[in-house]
Structure formats: C-alpha cells, structure tokens
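Notes follow once the structure below has been shown.
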Amino acid sequence: MEKYDYLVVGSGLFGATFAYEAAKRGKRVKVIEKRDHIAGNIYTKEVDGIQVHQYGAHIFHTSNKEIWDYVNQFATFNRYTNSPVANYKGTMYNLPFNMNTFNKMWGVRTPQEAMDKINEQRQEMAGKTPQNLEEQAISLIGRDIYEKLVKGYTEKQWGQKATELPAFIIRRLPVRLTYDNNYFNDDLQGIPVGGYTQIVEKMLASDLIDVETGVDFFAKREEYLANYPKVVFTGMIDEFFDYQLGELQYRSLRFETEELDVDNYQGNAVINYTDAETPYTRVIEHKHFEFGKGDKDKTIVTREYPADWHRGDEPYYPVNNQQNNDLYKQYAKLAQEKEANVIFGGRLGQYRYYDMDQVLHAALVCVEKEFNK
Ligand code: FDA
C-alpha cells in the first residue's frame, strides 16, 4: 500500500476541505467515499443544461466574510436569493413571514397593523405556558399563520402531531415587518454557477490526494485503522462505534425527481406545501437556482418527502434534542478515550445540524488544530 498521512472517510464538504488543506501542507491523503460520486449532500449533476441538486435545495449563505472568500476560491457564485413560497391548499404565501404574507393573510398594509393583528391572535395563549409545539407556535405568531403555514409542514417534517411535539423545537418564529421575501438574514448568499460538485472536485484535485468512490469504510474498518496513521471520519459517529451506547436519531428524506416538457413549471426554485394532505414538503424546480439556465423545452423538478430513519437509510438530519445531544456527548467522550487517531467531523461525525458555511468553518478549525499544534 502507498504511504498516506491521512485517510479521509467521506468526500462531503468537511472531508474535502480537510483533504485540500492537508495536501496544501504536503500531506498525502486517501479519500474513500461509499456513494458512487464525490461531494456528499452538496452533489449537483447537470441534466439538460440544468444543475440538479441531487440531495435537496442547497443555497449557500453566511455572514462570515472569511468563509465566503474561502468558498469563492472554488466557484463563482451568482446573486441567487432564497425566497421560497408556501402553497396552502392552492393559495400562495410569501416566506419567511413578512409584510407580503400578512397582507395576503389579513389584508393589513402597515407594520403596525400587522403587529396589532399578530398580538390579537397571540391572545389565545395569554398567561399560559406552551406545553407542546402547537401551543408554542400559537403563542409566538397566532392561530392563522400557525394553521396555514406551520402546522402541516412541521407535522410532515417530524412525522408526529404538533400537539405531541415538544415546544422547544420552535424557539423563535422570525417575523419580518418589511416587504422583504429574502429568507436568510445573512449578508452573503448565492449559488455556484455550474453547481456545487466543482467545489469538491477542485478541492480534491491535488496530486497528493487519491479518491476512491463506492468504498465503505466499514467493509475493511480494522485494516484502515491499522494502516493509516490518522483517520478523518465524516460518517455517523454512532455507527463507527457499532451503536454500542445506543442509536442517535436522524430524519431521512426521499427524493422523487421528474423531467417535464415545459420551460417553467412553478415559477420559483422552492415551493413549500404547508397543508397536511400533500405528502411532500417541498417541490424544487432546479433551473431557477440559475435564473432559468438550461434547455428551454425542459425542466427538472424534485419532490421532497420526509421519512423516518432506520438503519441503512440516508441520515439527512440529526435530531438535536436533549436526549440525542447527551448521547452524542457520550460518543464524543468514547472517541476521545478510545480513538486518539480518529478525528470525527462534519454533520454526521459531530452530530450537528450544520449548514455549509458552518461545515467549512468547522473543517478549518479542525485543520488549524491538527496542523498548528
Ligand atoms: P455529507 O453528508 O455531505 O458528507 C459525508 C459523506 O461521507 C457522504 O458523502 C457519505 O456518503 C460519506 N460516508 C458516510 N459514511 C461513510 C462510510 N462508512 N464510508 C465511506 N463514506 C461514508 N446547507 C446550507 O448551507 N444551505 C442549504 O440550503 C442546505 N440545504 C440542505 C438541504 C438538505 C435536504 C440537506 C440534507 C442538507 C442541507 N444543507 C444545507 C446542509 C449541507 O448539506 C451540509 O452542511 C453539508 O453537506 C455537510 O457536509 P458534510 O461533509 O458534513 O456531510
């Protein structure tokens, strides 16, 4: 076997950033990836000239200028601004909740009128302590918005009734008293022109990095651990330890992608279906991430269905409640005590609901710790 300094398990943003930075410092890196392609969940693939976000809508947004400059080394970003629309039983509302939403919902026109209406609606919970997610949402925003824009979507996302979900899931429901449909509050956002995969491709392009896809770490786990001086593991930390302390919880998703013979199917990149009856939560029309670029007679849409997670399913979201976070801490402790040569990183290795900018930041912190000690 060739001599490597690091084995990186997983070619997502965390693994690729670590590999790139290690190679920059003259280290030899082997990257293994169990899927048949690199880039993890940010993978995009061109179909009919359209960049398809294979694992759900990915919009890069950050307030950290250093992270923005860092990612811009690898791609040119367009000026895409995330402004999803909610479809509730055929009526369309702007998101996040802002003056456009309130105007459509109640006919109010000024911020004062909107606040008066919200406060009137919140009265229902006055003096009561919210005991579940439904009560919490009503105490924050009132019943109309809760029932039309929060309830069905949240119940589908979690696979549970809002009255059975804990109140803490919704700590805040941001209300914007301007006619501004920009979903994120960050200063910087966009989509890489030509998709995300190029970012990881460029990160892994060094001669000092070898990449093998279609390879599962667990197929030869002992051999890998014995032969590599150091391993960066970006898979599930509980799976690494064979679930010996118990299973962490995840939510999964099922994506249904379809090519349609129309130029413009829904007029927006992301439409949320907020009623309980529609089984999917979102429909993504990929060409709108790049302002309609691609074949004029075709479009690609993806329906996103939330799903329970069982062993073997893709673990898209960690469920960061108290119980899981406590269990994760025990796994992190075990890692420290038993696996000094393994660095656990990324969404699954650190069991955190990281966005892309946060993953980049976490990877760079890890690099700093590893090479400047
Ligand atoms: P990631 O999961 O991407 O990579 C881990 C890799 O390790 C995977 O490729 C996996 O196959 C591989 N692997 C796991 N176990 C292995 C094993 N045993 N052997 C070999 N390989 C193994 N963020 C954002 O900023 N804006 C957004 O709009 C969105 N949108 C969004 C939508 C959806 C549906 C999801 C699920 C996530 C987002 N995100 C997001 C979050 C974003 O996807 C996330 O921050 C990064 O992709 C995480 O990168 P990681 O490298 O940590 O994990």
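Chain labels run A, B, ... following the order of the structure tokens; each chain numbers its residues from 1, and ligands are numbered from 1 in the order shown.
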
Could I get the residues of chain A with an atom no further than 7 Å from an atom of ligand 1, each paired with its nearest atom pair and that distance in Å to one decimal, using only C-alpha atoms and all ligand atoms, sorted by chain and residue number, as CSV?
residue,atom,partner,partner_atom_place_in_ligand_line,distance
A:Val9,CA,ligand 1,20 (C),5.1
A:Gly10,CA,ligand 1,7 (O),3.1
A:Ser11,CA,ligand 1,9 (O),5.1
A:Gly12,CA,ligand 1,51 (O),3.5
A:Leu13,CA,ligand 1,51 (O),4.0
A:Phe14,CA,ligand 1,51 (O),3.8
A:Gly15,CA,ligand 1,51 (O),5.6
A:Ile32,CA,ligand 1,20 (C),5.5
A:Glu33,CA,ligand 1,21 (N),3.8
A:Lys34,CA,ligand 1,20 (C),3.9
A:Arg35,CA,ligand 1,11 (O),5.0
A:Ile38,CA,ligand 1,9 (O),6.4
A:Ala39,CA,ligand 1,9 (O),6.0
A:Gly40,CA,ligand 1,9 (O),3.2
A:Asn41,CA,ligand 1,3 (O),3.9
A:Ile42,CA,ligand 1,47 (O),5.0
A:Tyr55,CA,ligand 1,34 (C),5.5
A:Gly56,CA,ligand 1,34 (C),4.1
A:Ala57,CA,ligand 1,30 (N),5.2
A:His58,CA,ligand 1,28 (O),3.4
A:Ile59,CA,ligand 1,28 (O),3.8
A:Phe60,CA,ligand 1,25 (O),4.9
A:His61,CA,ligand 1,25 (O),6.0
A:Val215,CA,ligand 1,20 (C),5.8
A:Asp216,CA,ligand 1,19 (N),3.7
A:Phe217,CA,ligand 1,19 (N),4.0
A:Phe218,CA,ligand 1,18 (N),5.4
A:Thr234,CA,ligand 1,7 (O),5.2
A:Gly235,CA,ligand 1,15 (N),3.6
A:Met236,CA,ligand 1,15 (N),6.2
A:Tyr316,CA,ligand 1,36 (C),4.4
A:Tyr317,CA,ligand 1,36 (C),6.0
A:Gly345,CA,ligand 1,52 (O),6.7
A:Gly346,CA,ligand 1,52 (O),3.2
A:Arg347,CA,ligand 1,52 (O),3.9
A:Leu348,CA,ligand 1,52 (O),6.1
A:Tyr354,CA,ligand 1,45 (O),4.7
A:Asp355,CA,ligand 1,25 (O),3.6
A:Met356,CA,ligand 1,25 (O),3.7
A:Asp357,CA,ligand 1,25 (O),5.8
A:Gln358,CA,ligand 1,45 (O),6.9
A:Val359,CA,ligand 1,45 (O),5.5

As a compact mmCIF listing (two decimals) with C-alpha atoms, in the first residue's frame, please: all residues of region 97-295 of chain A that backbone DSSP puts in alpha helix (DSSP H).
# COMPACT_ATOMS: atom_id res chain seq x y z
CA MET A 99 -45.47 42.05 5.23
CA ASN A 100 -46.31 40.31 1.93
CA THR A 101 -47.51 37.26 3.91
CA PHE A 102 -49.50 39.35 6.40
CA ASN A 103 -51.08 41.39 3.64
CA LYS A 104 -52.22 38.25 1.84
CA MET A 105 -53.40 36.60 5.07
CA TRP A 106 -55.27 39.52 6.66
CA PRO A 111 -46.18 47.11 10.18
CA GLN A 112 -48.35 48.47 13.00
CA GLU A 113 -51.49 46.86 11.58
CA ALA A 114 -49.59 43.58 11.19
CA MET A 115 -48.27 43.66 14.78
CA ASP A 116 -51.73 44.51 16.12
CA LYS A 117 -53.18 41.52 14.28
CA ILE A 118 -50.43 39.16 15.45
CA ASN A 119 -50.82 40.35 19.05
CA GLU A 120 -54.59 39.89 18.85
CA GLN A 121 -54.08 36.32 17.60
CA ARG A 122 -51.50 35.52 20.28
CA LEU A 133 -45.25 22.77 19.63
CA GLU A 134 -48.77 23.82 18.63
CA GLU A 135 -49.23 25.98 21.71
CA GLN A 136 -45.73 27.38 21.36
CA ALA A 137 -46.33 28.40 17.73
CA ILE A 138 -49.70 30.00 18.56
CA SER A 139 -48.12 31.90 21.44
CA LEU A 140 -45.49 33.27 19.05
CA ILE A 141 -47.47 34.01 15.89
CA ARG A 143 -53.51 30.67 15.02
CA ASP A 144 -53.96 31.77 11.37
CA ILE A 145 -50.30 31.60 10.44
CA LYS A 151 -48.77 23.00 11.32
CA GLY A 152 -48.98 20.69 8.30
CA TYR A 153 -45.39 21.30 7.19
CA THR A 154 -43.97 20.67 10.65
CA GLU A 155 -46.06 17.55 11.22
CA LYS A 156 -44.88 16.11 7.91
CA GLN A 157 -41.28 17.02 8.67
CA TRP A 158 -41.27 15.29 12.04
CA THR A 197 -19.70 19.48 -7.37
CA GLN A 198 -16.91 21.56 -8.96
CA ILE A 199 -16.04 22.92 -5.50
CA VAL A 200 -15.25 19.46 -4.17
CA GLU A 201 -13.61 18.43 -7.45
CA LYS A 202 -11.20 21.34 -7.19
CA MET A 203 -10.53 20.65 -3.52
CA ARG A 221 -12.58 -0.97 9.12
CA GLU A 222 -9.84 -2.77 11.08
CA GLU A 223 -7.46 -2.72 8.13
CA TYR A 224 -7.98 1.02 7.63
CA LEU A 225 -7.47 1.79 11.30
CA ALA A 226 -4.32 -0.31 11.41
CA ASN A 227 -2.74 1.04 8.23
CA ILE A 237 -20.33 8.54 14.94
CA ASP A 238 -22.78 6.03 16.48
CA GLU A 239 -22.28 3.66 13.54
CA PHE A 240 -18.49 3.96 13.95

Using the chain letters and numbers from this document, which residues of region 154-338 of chain A does DSSP assign to strand (DSSP E or B), as a count of residues only? 44

Might you pull out every residue within 7 Å of Arg251 (chain A), with only C-alpha atoms counted and same-chain residues fewer than 3 positions away left off, and present them as a ChimeraX atom specification? /A:307-309,315-319

Using only C-alpha atoms, the residue out of A:Tyr328, A:Gly214, A:Asn272, A:Asp263 with shortest distance to Val31 (chain A) is A:Gly214

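CA of Asn320 (chain A) is positioned 25.3 Å from CA of Val231 (chain A).
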
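Of note, CA of Thr62 (chain A) and CA of Ile170 (chain A) are spaced 21.8 Å apart.
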